[in-house]
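Asks: Below is the file work.pdb, with PDB, C-alpha atoms, pLDDT in the B column.
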MODEL        1
ATOM      1  CA  MET A   1     -39.108  11.158  -4.183  1.00 46.00           C
ATOM      2  CA  ARG A   2     -38.021   7.919  -5.756  1.00 53.00           C
ATOM      3  CA  ALA A   3     -38.493   4.688  -3.837  1.00 54.00           C
ATOM      4  CA  ILE A   4     -34.740   4.186  -3.729  1.00 64.00           C
ATOM      5  CA  ASP A   5     -34.390   7.464  -1.798  1.00 76.00           C
ATOM      6  CA  ASP A   6     -36.666   6.275   1.012  1.00 80.00           C
ATOM      7  CA  ASP A   7     -34.621   6.214   4.221  1.00 87.00           C
ATOM      8  CA  THR A   8     -37.491   5.009   6.413  1.00 91.00           C
ATOM      9  CA  PRO A   9     -35.986   1.521   6.987  1.00 92.00           C
ATOM     10  CA  MET A  10     -32.770   3.140   8.261  1.00 94.00           C
ATOM     11  CA  LYS A  11     -34.682   5.437  10.608  1.00 95.00           C
ATOM     12  CA  VAL A  12     -36.758   2.542  11.933  1.00 95.00           C
ATOM     13  CA  ALA A  13     -33.639   0.423  12.562  1.00 95.00           C
ATOM     14  CA  VAL A  14     -31.887   3.236  14.445  1.00 96.00           C
ATOM     15  CA  LEU A  15     -34.942   4.119  16.527  1.00 96.00           C
ATOM     16  CA  ARG A  16     -35.607   0.468  17.411  1.00 94.00           C
ATOM     17  CA  LYS A  17     -32.067   0.114  18.750  1.00 96.00           C
ATOM     18  CA  LEU A  18     -32.446   3.285  20.796  1.00 96.00           C
ATOM     19  CA  ARG A  19     -35.814   2.118  22.125  1.00 94.00           C
ATOM     20  CA  GLU A  20     -34.305  -1.228  23.070  1.00 94.00           C
ATOM     21  CA  TRP A  21     -31.077   0.056  24.640  1.00 94.00           C
ATOM     22  CA  GLY A  22     -31.868   3.630  25.673  1.00 91.00           C
ATOM     23  CA  SER A  23     -29.197   6.243  25.052  1.00 94.00           C
ATOM     24  CA  LEU A  24     -26.199   4.946  23.115  1.00 96.00           C
ATOM     25  CA  PRO A  25     -22.993   6.418  21.697  1.00 96.00           C
ATOM     26  CA  GLU A  26     -23.117   7.096  17.978  1.00 96.00           C
ATOM     27  CA  SER A  27     -20.429   4.496  17.239  1.00 95.00           C
ATOM     28  CA  ASP A  28     -22.427   1.759  19.005  1.00 95.00           C
ATOM     29  CA  VAL A  29     -25.578   2.519  17.042  1.00 96.00           C
ATOM     30  CA  THR A  30     -23.591   2.562  13.804  1.00 95.00           C
ATOM     31  CA  ARG A  31     -22.160  -0.879  14.614  1.00 95.00           C
ATOM     32  CA  MET A  32     -25.562  -2.274  15.585  1.00 95.00           C
ATOM     33  CA  VAL A  33     -27.206  -1.262  12.302  1.00 95.00           C
ATOM     34  CA  ARG A  34     -24.259  -2.186  10.108  1.00 93.00           C
ATOM     35  CA  GLN A  35     -26.478  -2.920   7.085  1.00 93.00           C
ATOM     36  CA  PHE A  36     -26.799   0.862   6.657  1.00 93.00           C
ATOM     37  CA  LEU A  37     -23.709   2.969   6.037  1.00 90.00           C
ATOM     38  CA  LEU A  38     -24.404   5.697   8.584  1.00 93.00           C
ATOM     39  CA  VAL A  39     -22.400   8.851   9.214  1.00 93.00           C
ATOM     40  CA  THR A  40     -22.911  11.676  11.687  1.00 93.00           C
ATOM     41  CA  ASP A  41     -24.907  13.683   9.134  1.00 93.00           C
ATOM     42  CA  ASP A  42     -27.516  10.910   8.974  1.00 94.00           C
ATOM     43  CA  TYR A  43     -28.062  11.244  12.721  1.00 96.00           C
ATOM     44  CA  ARG A  44     -28.095  15.046  12.437  1.00 95.00           C
ATOM     45  CA  ASP A  45     -30.847  14.795   9.813  1.00 95.00           C
ATOM     46  CA  MET A  46     -32.883  12.607  12.173  1.00 96.00           C
ATOM     47  CA  ALA A  47     -32.278  15.090  14.998  1.00 97.00           C
ATOM     48  CA  GLU A  48     -33.465  17.964  12.788  1.00 96.00           C
ATOM     49  CA  GLU A  49     -36.638  15.981  12.101  1.00 96.00           C
ATOM     50  CA  GLY A  50     -37.103  15.604  15.866  1.00 96.00           C
ATOM     51  CA  LEU A  51     -36.763  11.800  15.863  1.00 96.00           C
ATOM     52  CA  LEU A  52     -33.737  11.673  18.149  1.00 96.00           C
ATOM     53  CA  GLU A  53     -31.568  13.856  20.326  1.00 96.00           C
ATOM     54  CA  MET A  54     -27.807  14.215  20.009  1.00 96.00           C
ATOM     55  CA  GLU A  55     -25.766  15.284  23.020  1.00 95.00           C
ATOM     56  CA  PHE A  56     -22.001  15.590  22.781  1.00 93.00           C
ATOM     57  CA  SER A  57     -20.393  13.582  25.571  1.00 89.00           C
ATOM     58  CA  GLY A  58     -16.698  12.774  25.801  1.00 89.00           C
ATOM     59  CA  ASP A  59     -15.474  12.370  22.251  1.00 92.00           C
ATOM     60  CA  GLU A  60     -18.697  11.479  20.433  1.00 93.00           C
ATOM     61  CA  TYR A  61     -22.429  12.031  20.357  1.00 96.00           C
ATOM     62  CA  LEU A  62     -24.797  10.249  22.691  1.00 97.00           C
ATOM     63  CA  LEU A  63     -28.050   9.426  20.877  1.00 97.00           C
ATOM     64  CA  SER A  64     -31.488   8.965  22.416  1.00 96.00           C
ATOM     65  CA  TYR A  65     -34.892   8.798  20.797  1.00 92.00           C
ATOM     66  CA  THR A  66     -37.624  11.334  21.428  1.00 96.00           C
ATOM     67  CA  THR A  67     -41.375  11.165  21.843  1.00 95.00           C
ATOM     68  CA  LEU A  68     -41.681  11.993  18.149  1.00 96.00           C
ATOM     69  CA  GLY A  69     -39.306   9.102  17.415  1.00 95.00           C
ATOM     70  CA  ARG A  70     -41.533   6.769  19.424  1.00 94.00           C
ATOM     71  CA  LEU A  71     -44.592   7.973  17.517  1.00 95.00           C
ATOM     72  CA  PHE A  72     -42.745   7.485  14.221  1.00 95.00           C
ATOM     73  CA  LEU A  73     -42.016   3.861  15.191  1.00 93.00           C
ATOM     74  CA  GLU A  74     -45.659   3.280  16.127  1.00 92.00           C
ATOM     75  CA  GLN A  75     -46.816   4.752  12.830  1.00 92.00           C
ATOM     76  CA  GLU A  76     -44.432   2.544  10.856  1.00 89.00           C
ATOM     77  CA  ALA A  77     -45.547  -0.539  12.821  1.00 83.00           C
ATOM     78  CA  ASP A  78     -49.147   0.209  11.820  1.00 80.00           C
ATOM     79  CA  ARG A  79     -48.150   0.309   8.131  1.00 76.00           C
ATOM     80  CA  VAL A  80     -46.757  -3.221   8.172  1.00 62.00           C
TER      81      VAL A  80
ENDMDL
END
Could you write out this structure as structure tokens?

Replies:
Amino acid sequence: MRAIDDDTPMKVAVLRKLREWGSLPESDVTRMVRQFLLVTDDYRDMAEEGLLEMEFSGDEYLLSYTTLGRLFLEQEADRV
């Protein structure tokens, strides 16, 4: 993996917003972390890794972070 391919900062930003706000619609999270160009597949990848949960509600996904997501944030905080 090249350093440019590292998506850890994006994951940390998304998980911090979810930790701060709780469950949020996908569009709100995307607006809150505007510095990253996020699409639904980015969130699906994080869900497949177990970092967040996606539940379809209304016309979009509702995102919430998981215990594994919390542990990921703690691990990244220890690295800094």

Asks: Nearest to Glu60 of chain A: which of A:Val12, A:Glu20, A:Pro25, A:Asp5 is it, counting only C-alpha atoms?

Replies: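 The answer is A:Pro25, which sits nearest to Glu60 of chain A.
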
Asks: Using all atoms listed in the file, list the residues that have an atom at most 9 Å from (-24.5, 5.8, 20.3), coordinates as in the file, as number ranges by chain.

Replies: A: 18, 23-30, 60-64

Asks: Put the listed atoms of segment 63-79 of chain A in a box along x, y and z with 8 Å added on every side and give me the centre and edge lengths in Å to one decimal, as lines of an AutoDock Vina configuration file.

Replies:
center_x = -38.6
center_y = 5.7
center_z = 15.3
size_x = 37.1
size_y = 28.5
size_z = 30.3

Asks: Tell me, in Å to one decimal, how far atom CA of Arg19 of chain A is from atom CA of Asp6 of chain A.

Replies: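 If I compute the distance from atom CA of Arg19 of chain A to atom CA of Asp6 of chain A, I get 21.5 Å.
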
Asks: Would you work out the distance separating atom CA of Thr67 of chain A from atom CA of Arg31 of chain A, expressed in Å to one decimal?

Replies: 23.8 Å

Asks: Using all atoms listed in the file, which residue out of A:Arg79, A:Gln35, A:Tyr65, A:Glu48 lies closest to Trp21 of chain A?

Replies: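 Ranking A:Arg79, A:Gln35, A:Tyr65, A:Glu48 by distance to Trp21 of chain A, first place goes to A:Tyr65.
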
Asks: Using atom CA of Gly58 of chain A and atom CA of Lys11 of chain A as the two end points, give the distance in Å to one decimal.

Replies: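 About the pair atom CA of Gly58 of chain A and atom CA of Lys11 of chain A: they are 24.7 Å apart.
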
Asks: Just say which residues the PyMOL selection byres ((chain A and resi 77) around 12) picks in this file, as an MDAnalysis selection string.

Replies: chainID A and resid 8:9 12:13 16 70:76 78:80

Asks: Tell me which of A:Met54, A:Leu15, A:Leu68, A:Met10 sits closest to Leu37 of chain A, counting only C-alpha atoms.

Replies: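 Looking at the shortest contact to Leu37 of chain A, the residue is A:Met10.
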
Asks: Of the residues A:Val14, A:Ala47, A:Gly69, A:Asp7, which is the one nearest to Arg34 of chain A, using all atoms listed in the file?

Replies: A:Val14

Asks: Output requested as an mmCIF file, in the coordinates of the input - segment 23-42 of chain A, filled out with N, CA and C atoms.

Replies:
data_model
loop_
_atom_site.group_PDB
_atom_site.id
_atom_site.type_symbol
_atom_site.label_atom_id
_atom_site.label_comp_id
_atom_site.auth_asym_id
_atom_site.auth_seq_id
_atom_site.Cartn_x
_atom_site.Cartn_y
_atom_site.Cartn_z
ATOM 1 N N SER A 23 -30.217 5.390 25.655
ATOM 2 C CA SER A 23 -29.197 6.243 25.052
ATOM 3 C C SER A 23 -27.946 5.428 24.741
ATOM 4 N N LEU A 24 -27.396 5.661 23.554
ATOM 5 C CA LEU A 24 -26.199 4.946 23.115
ATOM 6 C C LEU A 24 -25.246 5.904 22.413
ATOM 7 N N PRO A 25 -23.946 5.639 22.494
ATOM 8 C CA PRO A 25 -22.993 6.418 21.697
ATOM 9 C C PRO A 25 -23.220 6.175 20.205
ATOM 10 N N GLU A 26 -22.929 7.179 19.429
ATOM 11 C CA GLU A 26 -23.117 7.096 17.978
ATOM 12 C C GLU A 26 -22.404 5.887 17.376
ATOM 13 N N SER A 27 -21.188 5.611 17.813
ATOM 14 C CA SER A 27 -20.429 4.496 17.239
ATOM 15 C C SER A 27 -21.100 3.152 17.524
ATOM 16 N N ASP A 28 -21.736 3.012 18.685
ATOM 17 C CA ASP A 28 -22.427 1.759 19.005
ATOM 18 C C ASP A 28 -23.644 1.559 18.108
ATOM 19 N N VAL A 29 -24.398 2.620 17.905
ATOM 20 C CA VAL A 29 -25.578 2.519 17.042
ATOM 21 C C VAL A 29 -25.142 2.174 15.615
ATOM 22 N N THR A 30 -24.090 2.820 15.150
ATOM 23 C CA THR A 30 -23.591 2.562 13.804
ATOM 24 C C THR A 30 -23.184 1.100 13.645
ATOM 25 N N ARG A 31 -22.547 0.535 14.664
ATOM 26 C CA ARG A 31 -22.160 -0.879 14.614
ATOM 27 C C ARG A 31 -23.378 -1.794 14.661
ATOM 28 N N MET A 32 -24.382 -1.425 15.428
ATOM 29 C CA MET A 32 -25.562 -2.274 15.585
ATOM 30 C C MET A 32 -26.419 -2.342 14.322
ATOM 31 N N VAL A 33 -26.429 -1.283 13.547
ATOM 32 C CA VAL A 33 -27.206 -1.262 12.302
ATOM 33 C C VAL A 33 -26.246 -1.197 11.116
ATOM 34 N N ARG A 34 -25.347 -2.135 11.093
ATOM 35 C CA ARG A 34 -24.259 -2.186 10.108
ATOM 36 C C ARG A 34 -24.759 -2.287 8.669
ATOM 37 N N GLN A 35 -25.978 -2.779 8.456
ATOM 38 C CA GLN A 35 -26.478 -2.920 7.085
ATOM 39 C C GLN A 35 -26.664 -1.569 6.407
ATOM 40 N N PHE A 36 -26.709 -0.492 7.194
ATOM 41 C CA PHE A 36 -26.799 0.862 6.657
ATOM 42 C C PHE A 36 -25.463 1.553 6.890
ATOM 43 N N LEU A 37 -24.971 2.246 5.908
ATOM 44 C CA LEU A 37 -23.709 2.969 6.037
ATOM 45 C C LEU A 37 -24.005 4.357 6.602
ATOM 46 N N LEU A 38 -24.006 4.458 7.920
ATOM 47 C CA LEU A 38 -24.404 5.697 8.584
ATOM 48 C C LEU A 38 -23.202 6.563 8.940
ATOM 49 N N VAL A 39 -23.384 7.861 8.786
ATOM 50 C CA VAL A 39 -22.400 8.851 9.214
ATOM 51 C C VAL A 39 -23.110 9.855 10.110
ATOM 52 N N THR A 40 -22.346 10.712 10.743
ATOM 53 C CA THR A 40 -22.911 11.676 11.687
ATOM 54 C C THR A 40 -24.021 12.514 11.055
ATOM 55 N N ASP A 41 -23.875 12.862 9.792
ATOM 56 C CA ASP A 41 -24.907 13.683 9.134
ATOM 57 C C ASP A 41 -26.254 12.972 9.067
ATOM 58 N N ASP A 42 -26.246 11.652 8.968
ATOM 59 C CA ASP A 42 -27.516 10.910 8.974
ATOM 60 C C ASP A 42 -28.226 11.104 10.312
#
